[in-house]
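J.: Before I ask anything, here is the structure I am working with.
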Amino acid sequence: MSSVTSQQFLKAIAARRSIYSLTPELPDGISIDDVQSVVEAIIKHTPTSHNSQGNRAIILTGEAHRKMWSSVVDAIEGDTGKKRPASIRDEAYGSIVFFIDDKTLEQLKNNSPVWASVFPSLADQSSGAAQISAWTALELLGLGGHLQHYNGYINAALPEGTVPEGWKVKAQLVFGAPTAPPREKTFIENPVKVLK
């Protein structure tokens with residue numbers, strides 16, 4: 001039985017926010033090995049359709065992180081669209097790029113053709129679960145982060161030979177040491193009904 005209560009879990013989920021004010025450092029006592037261990041555990045334990053395990057991730061830091069985001073900045077036309085990726089390049093410590101391995105999707109489709117049309121959306125749902133879980137877990141380590149979707153640009157900007165053929169980019173979780181708290185979040189009324 002886990003020592004984490006549901007209230008502790010919910011508190012962590014509620015505390016997770018987009019933090020854009022970052023510095024390219026890790027908090028004291030946190031190493032990139034800690035980040036890697038968290039991401040590996042999340043990728044391993046996030047549920048997938050038919051246990052297909054199609055989630056993938058790579059972590060870029062240092063020069064690899066800066067080069068990738070410089071390529072995104074260079075590929076975007078107009079100054080307005082360059083601001084966010086430029087700040088990511090200059091202010092974040094690193095990026096976790098999330099992927100789905102298309103080979104696992106093709107295998108699912110071949111094994112269960114009657115469900116073939118729904119497997120891509122199920123894979124996207126699983127990837128989203130991995131992204132939010134990793135984001136929440138990294139914030140528990142003291143990191144700040146925000147989720148981005150420069151997918152087409154990122155695919156073209158990744159260092160050659162680092163991503164196997166068939167991996168499709170789904171999101172980028174940018175992280176670093178937070179330098180300011182997140183903005184307050186407002187909520188809509190959205191009750192969950194119980195039907196009996």
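Naming scheme: A, B, ... for chains in displayed order of the structure tokens; residues 1 onward per chain; ligands 1 onward as shown.
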Determine, counting only C-alpha atoms, which protein, DNA and RNA residues have an atom within 6 Å of an atom of range 179-186 of chain A; residues of the same chain fewer than 2 positions away are not included. Present the result as a PyMOL selection string.

T.: chain A and resi 19+21-22

J.: Can you pull out the residues contacting Ala137 in chain A? Cut-off 10 Å, using only C-alpha atoms, and skip same-chain residues under 3 positions away; I want them as a PDB file with C-alpha atoms, in the first residue's frame.

T.:
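Below is the file part16.pdb, written as the result:
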```
ATOM      1  CA  ALA A  12      -0.087  17.905  -6.322  1.00  0.00           C
ATOM      2  CA  ILE A  13      -2.468  17.906  -9.294  1.00  0.00           C
ATOM      3  CA  ARG A  16       0.623  22.027 -11.057  1.00  0.00           C
ATOM      4  CA  VAL A  35      14.701  14.224 -14.022  1.00  0.00           C
ATOM      5  CA  VAL A  38      11.106  10.530 -13.154  1.00  0.00           C
ATOM      6  CA  VAL A  39      10.485  10.590 -16.906  1.00  0.00           C
ATOM      7  CA  ILE A  42       6.278   7.902 -15.989  1.00  0.00           C
ATOM      8  CA  GLN A 131       2.870  14.552 -20.159  1.00  0.00           C
ATOM      9  CA  ILE A 132       0.707  15.700 -17.239  1.00  0.00           C
ATOM     10  CA  SER A 133       2.100  13.044 -14.899  1.00  0.00           C
ATOM     11  CA  ALA A 134       5.706  14.002 -15.724  1.00  0.00           C
ATOM     12  CA  LEU A 140       7.118  18.023  -6.869  1.00  0.00           C
ATOM     13  CA  LEU A 141      10.918  17.988  -7.293  1.00  0.00           C
ATOM     14  CA  GLY A 142      10.913  21.798  -7.245  1.00  0.00           C
ATOM     15  CA  LEU A 143      11.140  22.403 -10.982  1.00  0.00           C
TER      16      LEU A 143
END
```

J.: From the list A:Ser18, A:Thr104, A:Ser112, A:Ser71, which residue is nearest Gly166 in chain A when using only C-alpha atoms?

T.: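 For Gly166 in chain A, the nearest of the given residues is A:Thr104.
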
J.: For a test of reading the model, state the distance in Å between CA of Leu122 in chain A and CA of Thr48 in chain A, rounded to one decimal.

T.: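 Atom-to-atom, CA of Leu122 in chain A to CA of Thr48 in chain A, that is 7.6 Å.
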
J.: Within 9 Å of Gln148 in chain A, counting only C-alpha atoms, which residues qualify if same-chain residues fewer than 5 places away don't, as a VMD selection string?

T.: chain A and resid 171 to 174

J.: Smallest atom-to-atom distance to Lys82 in chain A: which of A:Trp135, A:Phe99, A:Trp115, A:Tyr150, using only C-alpha atoms?

T.: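 Answer, going by the shortest atom-to-atom distance: A:Tyr150.
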
J.: If we count only C-alpha atoms, what is near Lys103 in chain A at a cut-off of 12 Å, once residues fewer than 6 positions away on the same chain are taken out, given as a ChimeraX atom specification?

T.: /A:52-56,109-110,119-120,123,164-168

J.: For N, CA, C and O atoms, I'd like the residues from the last selection saved as an mmCIF file, in the first residue's frame.

T.:
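The resulting file, selection_23.cif, is reproduced below:
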```cif
data_model
loop_
_atom_site.group_PDB
_atom_site.id
_atom_site.type_symbol
_atom_site.label_atom_id
_atom_site.label_comp_id
_atom_site.auth_asym_id
_atom_site.auth_seq_id
_atom_site.Cartn_x
_atom_site.Cartn_y
_atom_site.Cartn_z
ATOM 1 N N SER A 52 0.225 -1.525 -25.033
ATOM 2 C CA SER A 52 1.090 -1.387 -26.205
ATOM 3 C C SER A 52 2.400 -0.662 -25.911
ATOM 4 O O SER A 52 3.371 -0.824 -26.647
ATOM 5 N N GLN A 53 2.421 0.162 -24.867
ATOM 6 C CA GLN A 53 3.634 0.843 -24.427
ATOM 7 C C GLN A 53 4.306 1.633 -25.547
ATOM 8 O O GLN A 53 5.518 1.523 -25.772
ATOM 9 N N GLY A 54 3.506 2.462 -26.209
ATOM 10 C CA GLY A 54 4.019 3.250 -27.332
ATOM 11 C C GLY A 54 4.536 4.630 -26.972
ATOM 12 O O GLY A 54 4.990 5.357 -27.853
ATOM 13 N N ASN A 55 4.500 5.016 -25.691
ATOM 14 C CA ASN A 55 5.027 6.328 -25.303
ATOM 15 C C ASN A 55 6.544 6.310 -25.328
ATOM 16 O O ASN A 55 7.174 5.337 -24.917
ATOM 17 N N ARG A 56 7.114 7.402 -25.808
ATOM 18 C CA ARG A 56 8.563 7.575 -25.856
ATOM 19 C C ARG A 56 8.885 9.001 -25.424
ATOM 20 O O ARG A 56 8.039 9.891 -25.506
ATOM 21 N N LYS A 109 -3.128 -2.088 -34.770
ATOM 22 C CA LYS A 109 -4.103 -2.120 -35.872
ATOM 23 C C LYS A 109 -4.117 -3.486 -36.546
ATOM 24 O O LYS A 109 -5.184 -3.998 -36.896
ATOM 25 N N ASN A 110 -2.946 -4.066 -36.739
ATOM 26 C CA ASN A 110 -2.866 -5.382 -37.380
ATOM 27 C C ASN A 110 -3.450 -6.478 -36.495
ATOM 28 O O ASN A 110 -4.093 -7.408 -36.976
ATOM 29 N N PHE A 119 -7.313 3.469 -32.260
ATOM 30 C CA PHE A 119 -6.012 3.380 -31.616
ATOM 31 C C PHE A 119 -5.219 4.691 -31.633
ATOM 32 O O PHE A 119 -4.571 5.023 -30.640
ATOM 33 N N PRO A 120 -5.231 5.483 -32.724
ATOM 34 C CA PRO A 120 -4.498 6.757 -32.671
ATOM 35 C C PRO A 120 -4.994 7.701 -31.569
ATOM 36 O O PRO A 120 -4.179 8.308 -30.867
ATOM 37 N N ALA A 123 -3.807 6.403 -28.252
ATOM 38 C CA ALA A 123 -2.380 6.683 -28.069
ATOM 39 C C ALA A 123 -2.168 8.140 -27.663
ATOM 40 O O ALA A 123 -1.351 8.432 -26.784
ATOM 41 N N PRO A 164 14.396 7.513 -33.473
ATOM 42 C CA PRO A 164 14.131 6.430 -34.423
ATOM 43 C C PRO A 164 12.993 6.773 -35.388
ATOM 44 O O PRO A 164 12.088 7.533 -35.048
ATOM 45 N N GLU A 165 13.059 6.190 -36.554
ATOM 46 C CA GLU A 165 12.005 6.385 -37.550
ATOM 47 C C GLU A 165 10.678 5.896 -36.987
ATOM 48 O O GLU A 165 10.602 4.855 -36.331
ATOM 49 N N GLY A 166 9.636 6.677 -37.206
ATOM 50 C CA GLY A 166 8.317 6.287 -36.748
ATOM 51 C C GLY A 166 7.896 6.909 -35.433
ATOM 52 O O GLY A 166 6.761 6.746 -35.015
ATOM 53 N N TRP A 167 8.811 7.617 -34.755
ATOM 54 C CA TRP A 167 8.424 8.330 -33.548
ATOM 55 C C TRP A 167 7.810 9.667 -33.950
ATOM 56 O O TRP A 167 8.454 10.452 -34.636
ATOM 57 N N LYS A 168 6.581 9.922 -33.513
ATOM 58 C CA LYS A 168 5.896 11.182 -33.826
ATOM 59 C C LYS A 168 5.880 12.087 -32.603
ATOM 60 O O LYS A 168 5.456 11.679 -31.526
#
```

J.: Run DSSP on the backbone and give me the residues of range 54-131 of chain A it puts in alpha helix (DSSP H), as a ChimeraX atom specification.

T.: /A:62-75,83-91,102-111,119-131

J.: Please, which residues of range 35-160 of chain A, numbered as in this document, come out strand (DSSP E) from DSSP, as a list in words?

T.: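 Selection result, strand (DSSP E) within range 35-160 of chain A: Asn55, Arg56, Ala57, Ile58, Ile59, Leu60, Thr61, Gly94, Ser95, Ile96, Val97, Phe98, Phe99, Ile100, Asp101, Gly144, Gly145, His146, Leu147 and Gln148 of chain A.
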
J.: Gly62 in chain A: which residues within 8 Å, counting only C-alpha atoms, same-chain residues fewer than 2 positions away excluded, as JSON, numbers by chain?

T.: {"A": [60, 64, 65, 66, 93, 94]}

J.: Counting only C-alpha atoms, which residue out of A:Ile43, A:Ala177, A:Val73, A:Val194 sits closest to Gly145 in chain A?

T.: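 Looking at the shortest contact to Gly145 in chain A, the residue is A:Ala177.
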
J.: For CA of Thr46 in chain A and CA of Ser127 in chain A, quote the distance in Å rounded to one decimal.

T.: 8.3 Å
